[in-house]
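Undergrad: I have a structure here, written as structure tokens, and I will follow up with some questions on it.
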Amino acid sequence: MVLSTTASQPEMRPKAMRQRVEEYIVSLQDQIVASLETIDPSSPQFKRDSWSRPQGGRGQSCIFPPSSSGSPEASEAAMSPSSSILEKAGVNISVVHGTLPPKAIAQMRADHSTLPLPENVPGGLPFFAAGISLVIHPRNPHAPTVHMNLRYFEVTEPTSDDPNTEANVVAWWFGGGSDLTPSYLYEEDAQHFHSTIAQACASHGSSLYPTLKRWCDEYFYIPHRGEARGLGGIFFDDLNNHPHARLPSDGDVSLRPYAAEDIFMFIQTLGASFVPSYLPILERRYAIPYSAHNRRWQLIRRGRYVEFNLVYDRGTKFGLMAPGARIESILMTLPETVRWEYMTEMGEEGTEEGRLMDILRAPRDWALLS
């Protein structure tokens, strides 16, 4: 008789979505930063700044330049071919948790009916949020700014004192997007960017790209200027297994993903599409010669970028109001140098700058033109 000496192995519990999302954004941050450092090997590497949130959570901000670049005069003097390709950039991740107050629960119930009535949870509910957010501001006016954000939000029932007991998830959703903001219009760049994203969306549902592209055009709009911030891309929020106000809700998975696993796969495909959607554009534009006139227009357009981010962007406003907000990471999105001119003549019809303005006032379906 042979006795087995192998002890029975405990059953492996599958990883919770929050853990999988956290592991994914850490990996994606490393991949994107490495790609950006590879394209400009002569410049310093990104600064890796790890931080913790006293109210619960952590994050890492990867920032370029790694230290202050000095005076505005020094920045303006950096117009030689030997200057760094990027003027300012940040690739940030955050993983935070805490308690959602009843007032916030009341606001979220409009889109998430599974949340309990706020009066039934006077002490609030635990929440978890994880995401990656990046903005790249190249130095050359012919190279466009780009933004991407991918995020996951989860609300659970109050946890018990037993550390082995997992809290029941009462609401969850994904959000994100990616968009391009040039100072000068290169139609082939817009077509490449949009086509790459459209292909990433196509394998997860035929309704995704056209719906999320329209949503992006509507979201990144500056009402007081009557123009878009840039050439758009995609934008979405509150994507889960429940009916959605903007997407088909008949259960047809050929139109959109419903299950958490399928939506997470969509998120990963979007993350993987960032480098091929943007770096080829940066590579063919960063060395184009430019003038003081081009730089002046770039700084005016960056002023519009600042206006949108500080006046309208929901993510910026939410971040600034959140307890324990890390202001430096939130305002990382803003360019280093901007310009406002009173009644500027730049952007008039018939000029190169005017070509861009025409598109910002009437968005195109770029993916259909490729």
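Convention: chains lettered A, B, ... in structure tokens order; per-chain residue numbering from 1; ligands numbered from 1 as shown.
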Quick one: residues within 12 Å of Trp172 (chain A), only C-alpha atoms, excluding same-chain residues fewer than 5 positions away - as a PyMOL selection string?

TA: chain A and resi 17-18+108-109+111-115+127-130+151-156+237-242+258-260+263-264

Undergrad: Which of region 158-279 of chain A end up as strand (DSSP E or B) when DSSP is run on this backbone - answer as a VMD selection string?

TA: chain A and resid 169 to 181 221 to 222 227 to 228 232 to 239

Undergrad: Can you list, as a list in words, every protein, DNA or RNA residue that comes within 12 Å of Met346 (chain A) when you count only C-alpha atoms, leaving out same-chain residues fewer than 2 positions away?

TA: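 What passes the distance filter is Ser183, His293, Asn294, Arg295, Arg296, Trp297, Gln298, Leu299, Ile300, Arg301, Trp340, Glu341, Tyr342, Met343, Thr344, Glu348, Glu349, Gly350, Thr351, Glu352, Glu353, Gly354, Arg355, Leu356 and Met357 of chain A.
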
Undergrad: Could you give me, as a PyMOL selection string, the residues within 9 Å of Ala287 (chain A), counting only C-alpha atoms and dropping anything in the same chain fewer than 3 positions from it?

TA: chain A and resi 81+85+140+142-143+283-284+290

Undergrad: Quote the spacing between CA of Ala325 (chain A) and CA of Ile132 (chain A) in Å to one decimal place.

TA: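 Interatomic distance here is 15.6 Å.
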
Undergrad: Counting only C-alpha atoms, figure out which residue out of A:Leu125, A:Val33, A:Val135, A:Leu231 gets nearest to Thr159 (chain A).

TA: A:Leu125

Undergrad: With a distance cut-off of 9 Å and only C-alpha atoms, select the neighbouring residues of region 275-281 of chain A, excluding the residue or stretch itself and same-chain residues fewer than 6 positions from it, and output the selection as a PyMOL selection string.

TA: chain A and resi 31-32+35-36+39+143-144+146+180+189+192-197

Undergrad: Can you spit out the residues from that selection as an mmCIF file, in the first residue's frame, using C-alpha atoms?

TA:
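Once everything was written out, this is out_20.cif:
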data_model
loop_
_atom_site.group_PDB
_atom_site.id
_atom_site.type_symbol
_atom_site.label_atom_id
_atom_site.label_comp_id
_atom_site.auth_asym_id
_atom_site.auth_seq_id
_atom_site.Cartn_x
_atom_site.Cartn_y
_atom_site.Cartn_z
ATOM 1 C CA GLN A 31 4.934 49.541 -21.481
ATOM 2 C CA ILE A 32 3.885 53.041 -22.539
ATOM 3 C CA SER A 35 7.971 53.178 -25.610
ATOM 4 C CA LEU A 36 8.162 56.937 -25.071
ATOM 5 C CA ILE A 39 11.684 57.140 -29.161
ATOM 6 C CA ALA A 143 3.334 66.952 -33.481
ATOM 7 C CA PRO A 144 -0.067 66.620 -31.776
ATOM 8 C CA VAL A 146 -2.589 63.103 -27.104
ATOM 9 C CA LEU A 180 -5.844 63.660 -30.442
ATOM 10 C CA ASP A 189 -2.483 61.623 -38.924
ATOM 11 C CA HIS A 192 -4.348 56.849 -38.769
ATOM 12 C CA PHE A 193 -5.294 57.673 -35.180
ATOM 13 C CA HIS A 194 -9.021 57.123 -35.669
ATOM 14 C CA SER A 195 -8.624 54.022 -37.842
ATOM 15 C CA THR A 196 -6.370 52.357 -35.262
ATOM 16 C CA ILE A 197 -8.912 52.988 -32.508
#

Undergrad: Using only C-alpha atoms, which of A:Ile25, A:Val96, A:Val121, A:Cys201 sits nearest Pro54 (chain A)?

TA: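 So, comparing all the options, the nearest one is A:Val96.
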
Undergrad: Do you know which residues are at most 6 Å from Pro118 (chain A) counting only C-alpha atoms, after dropping those on the same chain fewer than 4 positions away, and could you put them as a ChimeraX atom specification?

TA: /A:102,105-106

Undergrad: With N, CA and C atoms retained, export the selected residues as a PDB file, in the first residue's frame.

TA:
ATOM      1  N   PRO A 102     -23.191  59.512   1.341  1.00  0.00           N
ATOM      2  CA  PRO A 102     -24.561  59.408   0.810  1.00  0.00           C
ATOM      3  C   PRO A 102     -24.861  60.390  -0.318  1.00  0.00           C
ATOM      4  N   ILE A 105     -23.548  58.927  -3.455  1.00  0.00           N
ATOM      5  CA  ILE A 105     -24.372  57.773  -3.836  1.00  0.00           C
ATOM      6  C   ILE A 105     -25.644  58.244  -4.534  1.00  0.00           C
ATOM      7  N   ALA A 106     -26.262  59.307  -4.007  1.00  0.00           N
ATOM      8  CA  ALA A 106     -27.479  59.843  -4.616  1.00  0.00           C
ATOM      9  C   ALA A 106     -27.231  60.300  -6.045  1.00  0.00           C
TER      10      ALA A 106
END

Undergrad: Taking only C-alpha atoms into account, name the residue in A:Gly233, A:Gly251, A:Gly226, A:Gly303 that is nearest to Ala367 (chain A).

TA: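 Of all the options, A:Gly233 lies closest to Ala367 (chain A).
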
Undergrad: Leaving out Ser206 (chain A) and any residue of its chain fewer than 3 positions from it, which residues lie within 8 Å of it when counting only C-alpha atoms, given as a tab-separated table (two decimals) with N, CA, C and O atoms, in the first residue's frame?

TA:
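For reference, out-v1.tsv as written:
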chain	number	residue	atom	x	y	z
A	201	CYS	N	-11.87	48.82	-31.49
A	201	CYS	CA	-13.26	48.71	-31.05
A	201	CYS	C	-14.02	47.62	-31.80
A	201	CYS	O	-14.89	46.95	-31.22
A	202	ALA	N	-13.70	47.43	-33.08
A	202	ALA	CA	-14.50	46.57	-33.95
A	202	ALA	C	-14.61	45.14	-33.45
A	202	ALA	O	-15.67	44.50	-33.60
A	203	SER	N	-13.55	44.61	-32.85
A	203	SER	CA	-13.58	43.22	-32.42
A	203	SER	C	-14.41	43.02	-31.16
A	203	SER	O	-14.60	41.89	-30.72
A	209	TYR	N	-17.34	51.97	-31.87
A	209	TYR	CA	-16.61	53.11	-32.38
A	209	TYR	C	-17.52	54.26	-32.82
A	209	TYR	O	-17.31	55.41	-32.38
A	254	SER	N	-22.89	41.22	-30.37
A	254	SER	CA	-22.19	41.64	-31.59
A	254	SER	C	-22.15	43.16	-31.69
A	254	SER	O	-21.38	43.72	-32.48
A	255	LEU	N	-22.97	43.84	-30.89
A	255	LEU	CA	-23.02	45.29	-30.91
A	255	LEU	C	-22.16	45.93	-29.83
A	255	LEU	O	-21.56	46.98	-30.05
A	256	ARG	N	-22.10	45.28	-28.66
A	256	ARG	CA	-21.33	45.82	-27.54
A	256	ARG	C	-21.12	44.73	-26.51
A	256	ARG	O	-21.91	43.78	-26.43

Undergrad: Please measure the separation of CA of Leu334 (chain A) and CA of Gly232 (chain A), giving the value in Å to one decimal.

TA: 17.6 Å

Undergrad: I'd like the interatomic distance between CA of Pro14 (chain A) and CA of Gln55 (chain A), to a tenth of an Å.

TA: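 Going from CA of Pro14 (chain A) over to CA of Gln55 (chain A) covers 27.3 Å.
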